[in-house]
Structures are given as C-alpha cells and as structure tokens.
Amino acid sequence: VQVALDIVRSEGGEVNNPLDRGGFTIYGITIGTARNHGLSFDYDGDGVVSIQDMRRITPDIAVAFFVQFFAIAPGISRLAVPVQPIIFDMAVNSGPSRAITLLQQTLNQLWQDNPHVRGVFVRRLAEDGVIAGGVSTVNASIAATDICGSAIVISAICDSRIAFYRRIVSANPSQNIFLKGWINRVERFRPTFGS
C-alpha cells in the first residue's frame, strides 16, 4: 500500500501531455486503463469513461485501484517481498504483463549467471508476463533474493528497467522527454550497497 501511496503522490493530479502515449491521466491512472475498467470509473453511468468521470477519481480510489489491479490480481503481491515494490511500480507505469516479463527476464539472467540459483530452480522461466497461473516465477523470485541477496536482485531489476526505457526512446525519440523522469523513478528503488 505504501508504494501505491507514493505512486499517487508522485504522479500528482491531472496530466494531459500530448506526447504521453497514456493520454489523459489522473493520479497515474490513464484514461485507457480507466476505460478498460469502465464499470469502476463510469461515474455518470452513460456507458463511457470521460475526462469528467476521471476527474472524480480521488487519491484513495487510485491507491485502492492500483493495489487490487496492479498488485493482487496479476500476482505481484505473491512475489518475494523485497522485489514487490519495484515490480508493482513498473506495473503501474508500463502494465503488469510488461513488468512481470521484465522480472522473468531478469531472473533468467541471474539464473544463467549464478550456478547457485540454477541449483534451486532448475529451468529457465517462461517469459510470458504471467504469475497468477503458477508458482514458478514466485518461487524463482524468492530463491534469487535468498541466494543472491535482495540488493543484487533489485539492482538487476533496476538495470533491466532502465534498459527497457532506453529501448522505448530509441524506437520513438519523441519519448526522450520522459526518460529522465523514468530513470529517476527507477533509481528510487536502487539499493545502496555497503550501507
């Protein structure tokens, strides 16, 4: 819940930057996301989630929404506790499937690089963006944090996430305006080694 509160605070209120592919956003909830959950956000009951409907979203509504649909429903709340905040934050920023896929890719890289991790989960994870259906990604996240240490795993996730954002900008230079903010958002989670 604390991470959701932090997201809502950092996202602030209403944003409508024409370069932002998410479109109209309030407290980090894009209009597209709101429309995908229309029954939740169609406050005037006309069958369409409009900007006027979205302006009725409060910080408390946003926090509850994020926790339910970006942590609990996709299974992020079942991951190793130390990695939950950064994956949850990416789920809000880029979608749960993308965040989970990035985690799976990072865990697979740790698996490849660390024979001790390979001894615990004996095959690579499917990079399918899904947690809810099985326990492999959950178990791998727990094994990796136990064996490598949470700081190593979280730092690797930070690196993967920044590389992901750089690929977005490389493919679409108009998104460069957001890169510094995305990187700052990631770096809030990076552990300080030796402290």
# chains A, B, ... in the order shown; residues from 1 in each chain; ligands from 1
>>> residues_around(residues="Val15 (chain A)", least_positions_apart="3", cutoff="8 Å", atoms="only C-alpha atoms", output="PyMOL selection string")
chain A and resi 24-26
>>> closest_residue(among="A:Ile183, A:Ala151, A:Thr137, A:Ala156", to="Val169 (chain A)", atoms="only C-alpha atoms")
A:Ile183
>>> atom_distance(atom1="CA of Leu79 (chain A)", atom2="CA of Gly28 (chain A)")
22.7 Å
>>> closest_residue(among="A:Thr58, A:Ser174, A:Ser97, A:Thr192", to="Ala71 (chain A)", atoms="only C-alpha atoms")
A:Ser97
>>> closest_residue(among="A:Arg35, A:Arg21, A:Arg98, A:Lys180", to="Phe70 (chain A)", atoms="only C-alpha atoms")
A:Arg98
>>> closest_residue(among="A:Val153, A:Ala91, A:Val186, A:Cys148", to="Ile72 (chain A)", atoms="only C-alpha atoms")
A:Ala91
>>> residues_around(residues="Gly129 (chain A)", least_positions_apart="6", cutoff="10 Å", atoms="only C-alpha atoms", output="list in words")
Pro74, Gly95, Pro96, Ser97, Arg98, Ala99, Ile100, Thr101, Leu102, Leu103, Gln104, Gln105 and Thr137 of chain A
>>> closest_atom_pairs(of="region 41-93 of chain A", to="region 139-145 of chain A", cutoff="12 Å", atoms="only C-alpha atoms", output="tab-separated table")
residue	atom	partner	partner_atom	distance
A:Ile76	CA	A:Ser141	CA	10.6
A:Ser77	CA	A:Ser141	CA	11.7
A:Arg78	CA	A:Asn139	CA	9.4
A:Leu79	CA	A:Ser141	CA	6.1
A:Ala80	CA	A:Ile142	CA	4.7
A:Val81	CA	A:Ile142	CA	8.2
A:Pro82	CA	A:Thr145	CA	7.7
A:Val83	CA	A:Ser141	CA	7.7
A:Gln84	CA	A:Ser141	CA	9.6
A:Ile87	CA	A:Ser141	CA	11.2
>>> closest_residue(among="A:Asp42, A:Gln175, A:Ser155, A:Glu14", to="Leu110 (chain A)", atoms="only C-alpha atoms")
A:Ser155
>>> atom_distance(atom1="CA of Phe66 (chain A)", atom2="CA of Gly45 (chain A)")
22.1 Å
>>> closest_residue(among="A:Asp128, A:Asp20, A:Gln109, A:Met90", to="Ile162 (chain A)", atoms="only C-alpha atoms")
A:Met90
>>> select_by_dssp(residues="region 3-181 of chain A", states="alpha helix (DSSP H)", output="PyMOL selection string")
chain A and resi 3-11+31-36+38-41+51-54+59-66+84-94+96-113+115-118+136-148+150-171+176-181
>>> decode(residues="region 59-191 of chain A", atoms="C-alpha atoms", output="PDB file, in the first residue's frame")
ATOM      1  CA  PRO A  59      -6.172   9.635  -4.307  1.00  0.00           C
ATOM      2  CA  ASP A  60      -7.813   6.978  -2.104  1.00  0.00           C
ATOM      3  CA  ILE A  61      -9.655   5.497  -5.105  1.00  0.00           C
ATOM      4  CA  ALA A  62      -6.395   5.447  -7.096  1.00  0.00           C
ATOM      5  CA  VAL A  63      -4.484   3.669  -4.303  1.00  0.00           C
ATOM      6  CA  ALA A  64      -7.203   1.006  -3.883  1.00  0.00           C
ATOM      7  CA  PHE A  65      -7.377   0.516  -7.656  1.00  0.00           C
ATOM      8  CA  PHE A  66      -3.618   0.102  -8.035  1.00  0.00           C
ATOM      9  CA  VAL A  67      -3.374  -2.375  -5.159  1.00  0.00           C
ATOM     10  CA  GLN A  68      -6.233  -4.507  -6.495  1.00  0.00           C
ATOM     11  CA  PHE A  69      -5.468  -4.493 -10.228  1.00  0.00           C
ATOM     12  CA  PHE A  70      -1.685  -3.991 -10.322  1.00  0.00           C
ATOM     13  CA  ALA A  71      -0.540  -5.996  -7.274  1.00  0.00           C
ATOM     14  CA  ILE A  72      -3.151  -8.558  -6.200  1.00  0.00           C
ATOM     15  CA  ALA A  73      -4.854  -9.520  -9.468  1.00  0.00           C
ATOM     16  CA  PRO A  74      -1.671 -10.157 -11.504  1.00  0.00           C
ATOM     17  CA  GLY A  75       0.021 -11.939  -8.584  1.00  0.00           C
ATOM     18  CA  ILE A  76       2.737  -9.357  -7.920  1.00  0.00           C
ATOM     19  CA  SER A  77       1.728  -9.430  -4.253  1.00  0.00           C
ATOM     20  CA  ARG A  78       2.881 -13.102  -4.166  1.00  0.00           C
ATOM     21  CA  LEU A  79       6.468 -12.363  -5.225  1.00  0.00           C
ATOM     22  CA  ALA A  80       9.416 -12.209  -2.833  1.00  0.00           C
ATOM     23  CA  VAL A  81       8.631  -9.268  -0.559  1.00  0.00           C
ATOM     24  CA  PRO A  82      11.781  -7.252  -1.407  1.00  0.00           C
ATOM     25  CA  VAL A  83      11.010  -7.182  -5.164  1.00  0.00           C
ATOM     26  CA  GLN A  84       7.307  -6.403  -4.872  1.00  0.00           C
ATOM     27  CA  PRO A  85       7.656  -2.583  -4.686  1.00  0.00           C
ATOM     28  CA  ILE A  86       9.766  -2.143  -7.835  1.00  0.00           C
ATOM     29  CA  ILE A  87       7.719  -4.605  -9.900  1.00  0.00           C
ATOM     30  CA  PHE A  88       4.479  -3.067  -8.652  1.00  0.00           C
ATOM     31  CA  ASP A  89       5.748   0.400  -9.598  1.00  0.00           C
ATOM     32  CA  MET A  90       6.637  -0.787 -13.092  1.00  0.00           C
ATOM     33  CA  ALA A  91       3.252  -2.484 -13.403  1.00  0.00           C
ATOM     34  CA  VAL A  92       1.575   0.863 -12.778  1.00  0.00           C
ATOM     35  CA  ASN A  93       3.961   2.625 -15.170  1.00  0.00           C
ATOM     36  CA  SER A  94       4.066   0.077 -18.011  1.00  0.00           C
ATOM     37  CA  GLY A  95       1.398  -2.538 -17.314  1.00  0.00           C
ATOM     38  CA  PRO A  96       1.525  -5.700 -15.182  1.00  0.00           C
ATOM     39  CA  SER A  97       2.397  -8.060 -18.040  1.00  0.00           C
ATOM     40  CA  ARG A  98       5.389  -5.982 -19.113  1.00  0.00           C
ATOM     41  CA  ALA A  99       6.604  -5.648 -15.519  1.00  0.00           C
ATOM     42  CA  ILE A 100       6.320  -9.383 -14.888  1.00  0.00           C
ATOM     43  CA  THR A 101       8.046 -10.200 -18.191  1.00  0.00           C
ATOM     44  CA  LEU A 102      10.927  -7.905 -17.225  1.00  0.00           C
ATOM     45  CA  LEU A 103      11.175  -9.669 -13.856  1.00  0.00           C
ATOM     46  CA  GLN A 104      11.204 -13.069 -15.558  1.00  0.00           C
ATOM     47  CA  GLN A 105      13.931 -11.916 -17.966  1.00  0.00           C
ATOM     48  CA  THR A 106      15.993 -10.565 -15.060  1.00  0.00           C
ATOM     49  CA  LEU A 107      15.571 -13.768 -13.041  1.00  0.00           C
ATOM     50  CA  ASN A 108      16.576 -15.802 -16.094  1.00  0.00           C
ATOM     51  CA  GLN A 109      19.726 -13.702 -16.439  1.00  0.00           C
ATOM     52  CA  LEU A 110      20.534 -14.289 -12.759  1.00  0.00           C
ATOM     53  CA  TRP A 111      19.837 -17.990 -13.301  1.00  0.00           C
ATOM     54  CA  GLN A 112      22.253 -18.047 -16.234  1.00  0.00           C
ATOM     55  CA  ASP A 113      24.966 -16.140 -14.351  1.00  0.00           C
ATOM     56  CA  ASN A 114      24.723 -17.848 -10.953  1.00  0.00           C
ATOM     57  CA  PRO A 115      25.096 -21.626 -10.571  1.00  0.00           C
ATOM     58  CA  HIS A 116      23.660 -21.447  -7.042  1.00  0.00           C
ATOM     59  CA  VAL A 117      20.400 -20.065  -8.430  1.00  0.00           C
ATOM     60  CA  ARG A 118      20.383 -22.788 -11.107  1.00  0.00           C
ATOM     61  CA  GLY A 119      20.532 -25.345  -8.312  1.00  0.00           C
ATOM     62  CA  VAL A 120      17.269 -24.047  -6.855  1.00  0.00           C
ATOM     63  CA  PHE A 121      15.116 -23.534  -9.916  1.00  0.00           C
ATOM     64  CA  VAL A 122      16.351 -25.982 -12.485  1.00  0.00           C
ATOM     65  CA  ARG A 123      14.954 -24.493 -15.684  1.00  0.00           C
ATOM     66  CA  ARG A 124      14.554 -21.066 -17.166  1.00  0.00           C
ATOM     67  CA  LEU A 125      11.267 -19.281 -16.585  1.00  0.00           C
ATOM     68  CA  ALA A 126       8.804 -18.728 -19.381  1.00  0.00           C
ATOM     69  CA  GLU A 127       8.976 -15.013 -20.192  1.00  0.00           C
ATOM     70  CA  ASP A 128       5.216 -14.780 -20.585  1.00  0.00           C
ATOM     71  CA  GLY A 129       4.274 -11.933 -18.238  1.00  0.00           C
ATOM     72  CA  VAL A 130       2.090 -14.211 -16.119  1.00  0.00           C
ATOM     73  CA  ILE A 131       2.336 -15.022 -12.412  1.00  0.00           C
ATOM     74  CA  ALA A 132      -1.208 -15.825 -11.389  1.00  0.00           C
ATOM     75  CA  GLY A 133      -1.376 -19.250 -13.027  1.00  0.00           C
ATOM     76  CA  GLY A 134       1.597 -20.870 -11.362  1.00  0.00           C
ATOM     77  CA  VAL A 135       4.284 -20.659  -8.740  1.00  0.00           C
ATOM     78  CA  SER A 136       7.475 -20.761 -10.848  1.00  0.00           C
ATOM     79  CA  THR A 137       8.040 -17.006 -11.009  1.00  0.00           C
ATOM     80  CA  VAL A 138       7.085 -16.633  -7.350  1.00  0.00           C
ATOM     81  CA  ASN A 139       9.495 -19.392  -6.290  1.00  0.00           C
ATOM     82  CA  ALA A 140      12.248 -18.042  -8.542  1.00  0.00           C
ATOM     83  CA  SER A 141      11.901 -14.550  -7.056  1.00  0.00           C
ATOM     84  CA  ILE A 142      12.185 -15.987  -3.541  1.00  0.00           C
ATOM     85  CA  ALA A 143      15.134 -18.230  -4.457  1.00  0.00           C
ATOM     86  CA  ALA A 144      17.013 -15.419  -6.197  1.00  0.00           C
ATOM     87  CA  THR A 145      16.590 -12.983  -3.304  1.00  0.00           C
ATOM     88  CA  ASP A 146      17.574 -15.673  -0.782  1.00  0.00           C
ATOM     89  CA  ILE A 147      20.676 -16.785  -2.702  1.00  0.00           C
ATOM     90  CA  CYS A 148      21.912 -13.584  -4.355  1.00  0.00           C
ATOM     91  CA  GLY A 149      20.536 -11.168  -1.787  1.00  0.00           C
ATOM     92  CA  SER A 150      17.695  -8.755  -2.362  1.00  0.00           C
ATOM     93  CA  ALA A 151      20.068  -5.853  -3.145  1.00  0.00           C
ATOM     94  CA  ILE A 152      21.627  -7.752  -6.067  1.00  0.00           C
ATOM     95  CA  VAL A 153      18.219  -8.777  -7.447  1.00  0.00           C
ATOM     96  CA  ILE A 154      16.687  -5.314  -7.090  1.00  0.00           C
ATOM     97  CA  SER A 155      19.731  -3.674  -8.661  1.00  0.00           C
ATOM     98  CA  ALA A 156      19.496  -6.090 -11.603  1.00  0.00           C
ATOM     99  CA  ILE A 157      15.806  -5.223 -11.985  1.00  0.00           C
ATOM    100  CA  CYS A 158      16.696  -1.512 -11.944  1.00  0.00           C
ATOM    101  CA  ASP A 159      19.240  -2.074 -14.722  1.00  0.00           C
ATOM    102  CA  SER A 160      16.741  -4.082 -16.780  1.00  0.00           C
ATOM    103  CA  ARG A 161      14.063  -1.472 -16.311  1.00  0.00           C
ATOM    104  CA  ILE A 162      16.311   1.400 -17.368  1.00  0.00           C
ATOM    105  CA  ALA A 163      17.390  -0.583 -20.451  1.00  0.00           C
ATOM    106  CA  PHE A 164      13.700  -1.104 -21.265  1.00  0.00           C
ATOM    107  CA  TYR A 165      13.012   2.646 -21.111  1.00  0.00           C
ATOM    108  CA  ARG A 166      16.082   3.390 -23.243  1.00  0.00           C
ATOM    109  CA  ARG A 167      14.754   0.969 -25.882  1.00  0.00           C
ATOM    110  CA  ILE A 168      11.445   2.859 -25.885  1.00  0.00           C
ATOM    111  CA  VAL A 169      13.279   6.127 -26.552  1.00  0.00           C
ATOM    112  CA  SER A 170      15.487   4.524 -29.190  1.00  0.00           C
ATOM    113  CA  ALA A 171      12.409   3.261 -31.036  1.00  0.00           C
ATOM    114  CA  ASN A 172      10.485   6.518 -30.559  1.00  0.00           C
ATOM    115  CA  PRO A 173      12.711   9.559 -29.900  1.00  0.00           C
ATOM    116  CA  SER A 174       9.674  11.720 -29.038  1.00  0.00           C
ATOM    117  CA  GLN A 175       9.570   9.806 -25.736  1.00  0.00           C
ATOM    118  CA  ASN A 176      13.010  11.130 -24.730  1.00  0.00           C
ATOM    119  CA  ILE A 177      11.199  13.916 -22.867  1.00  0.00           C
ATOM    120  CA  PHE A 178      10.124  11.297 -20.303  1.00  0.00           C
ATOM    121  CA  LEU A 179      13.415   9.366 -19.998  1.00  0.00           C
ATOM    122  CA  LYS A 180      14.933  11.344 -17.128  1.00  0.00           C
ATOM    123  CA  GLY A 181      11.730  11.018 -15.094  1.00  0.00           C
ATOM    124  CA  TRP A 182      11.513   7.291 -15.803  1.00  0.00           C
ATOM    125  CA  ILE A 183      15.125   6.769 -14.748  1.00  0.00           C
ATOM    126  CA  ASN A 184      14.628   8.833 -11.578  1.00  0.00           C
ATOM    127  CA  ARG A 185      11.545   6.747 -10.815  1.00  0.00           C
ATOM    128  CA  VAL A 186      13.604   3.546 -11.089  1.00  0.00           C
ATOM    129  CA  GLU A 187      16.577   4.850  -9.117  1.00  0.00           C
ATOM    130  CA  ARG A 188      14.361   5.434  -6.060  1.00  0.00           C
ATOM    131  CA  PHE A 189      14.363   1.658  -5.675  1.00  0.00           C
ATOM    132  CA  ARG A 190      18.065   1.029  -6.197  1.00  0.00           C
ATOM    133  CA  PRO A 191      19.748  -0.312  -3.059  1.00  0.00           C
TER     134      PRO A 191
END
